[in-house]
Structure formats: C-alpha cells, structure tokens
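Here's the structure, in structure tokens; my notes come after.
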Amino acid sequence: MDAQSKATVTRREAVKRSLFALAPAPLLLQGAQDDTSQTPPVGRLKQPQLAGRSRRPITDYENDPFIIGVEEKLRCTCGCNLSIYVCRTTDFACQTSPALHRDVIALVEDSKT
C-alpha cells in the first residue's frame, strides 16, 4: 500500500482510539450512553446555583481612574489591611470591599468629593 491510499487519522481520533483501548469496560458502557445526548457534558454545570455567588455586571466605574485613585487611598475594613481597590481585585472571597466600592460609586454619583 502506498502512503496516499492509507486512510488518514486525525490526532484527535488517534488519542480517542488509544484511550478507548485503555479504558475499563464499565467506563466504555457509560461513555456510550453519554454519546446520545445533544450537548456534551463538558462545560455544563448540573446545579449552577451552587457554583458560588453571582457577580454583578462590570460597569465603567470598575476601571475609572478617579474611582481607583479614591479606593487606593482608603483601607478595607475586612481586616486585610489592603486598600479597597487591591482587596476587591485580589480577594474574591471578601464581601466587604465590593460593598465599599459600591459606596464610593454612590458618593461619586451624588457629586461628592
């Protein structure tokens, strides 16, 4: 057989075949049942409400230089001893810095200095 008459196998197909050969039989049966679904299970959450707290939409205030300047001068009250800006952009578990950020935005929107 010459090289042109051989069937070409993509890299993905070769990996799939090698993994299929190594997988135990119960996993093969489970995979066969999963193939009948319309969308693959990768990337889907079964219970999205358990994935964590939802994030607010990003506004123009998130990256506004004036807001950042004000937040860098104020300390977060959560106990981290960081500025509000640094805390809200690095510690995503903190509940205090996003609230303080909203307070700063409210003051700016009320034309406070």
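Ordering of the structure tokens sets the chain letters (A, B, ...), residue numbers begin anew at 1 in every chain, and ligands are numbered from 1 in the order given.
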
Shell around Thr77 of chain A at 10 Å using only C-alpha atoms, local window under 5 positions removed, as a compact mmCIF listing (two decimals) with N, CA, C and O atoms, in the first residue's frame:
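Output saved as out15.txt:
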# COMPACT_ATOMS: atom_id res chain seq x y z
N LEU A 82 -5.50 46.03 53.35
CA LEU A 82 -5.24 46.42 51.97
C LEU A 82 -6.14 47.58 51.60
O LEU A 82 -7.13 47.86 52.28
N SER A 83 -5.82 48.25 50.50
CA SER A 83 -6.72 49.29 50.02
C SER A 83 -7.99 48.62 49.48
O SER A 83 -7.99 47.42 49.17
N ILE A 84 -9.04 49.40 49.37
CA ILE A 84 -10.30 48.85 48.85
C ILE A 84 -10.09 48.30 47.45
O ILE A 84 -10.57 47.21 47.12
N CYS A 87 -8.02 45.01 47.56
CA CYS A 87 -8.80 43.93 48.16
C CYS A 87 -9.87 43.42 47.21
O CYS A 87 -10.05 42.23 47.04
N THR A 96 -16.68 42.59 51.98
CA THR A 96 -16.64 43.98 52.43
C THR A 96 -16.20 44.94 51.34
O THR A 96 -16.81 45.98 51.13
N SER A 97 -15.14 44.60 50.61
CA SER A 97 -14.60 45.53 49.60
C SER A 97 -15.58 45.82 48.46
O SER A 97 -15.66 46.97 48.03
N LEU A 100 -17.92 48.41 49.89
CA LEU A 100 -17.26 49.70 49.98
C LEU A 100 -17.10 50.34 48.60
O LEU A 100 -17.22 51.55 48.43

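Rounded to one decimal, atom CA of Gly79 of chain A and atom CA of Ala93 of chain A lie 12.9 Å from each other.
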
*Please return as a PyMOL selection string: the residues of segment 53-86 of chain A that backbone DSSP assigns to helix (DSSP H, G or I).*
chain A and resi 60-63+65-73+84-86

*asked:* Could you tell me how far atom CA of Phe92 of chain A sits from atom CA of Tyr61 of chain A, in Å to one decimal place?
replied: 17.7 Å

*Just how far from atom CA of Thr90 of chain A is atom CA of Arg102 of chain A, in Å to one decimal?*
16.6 Å
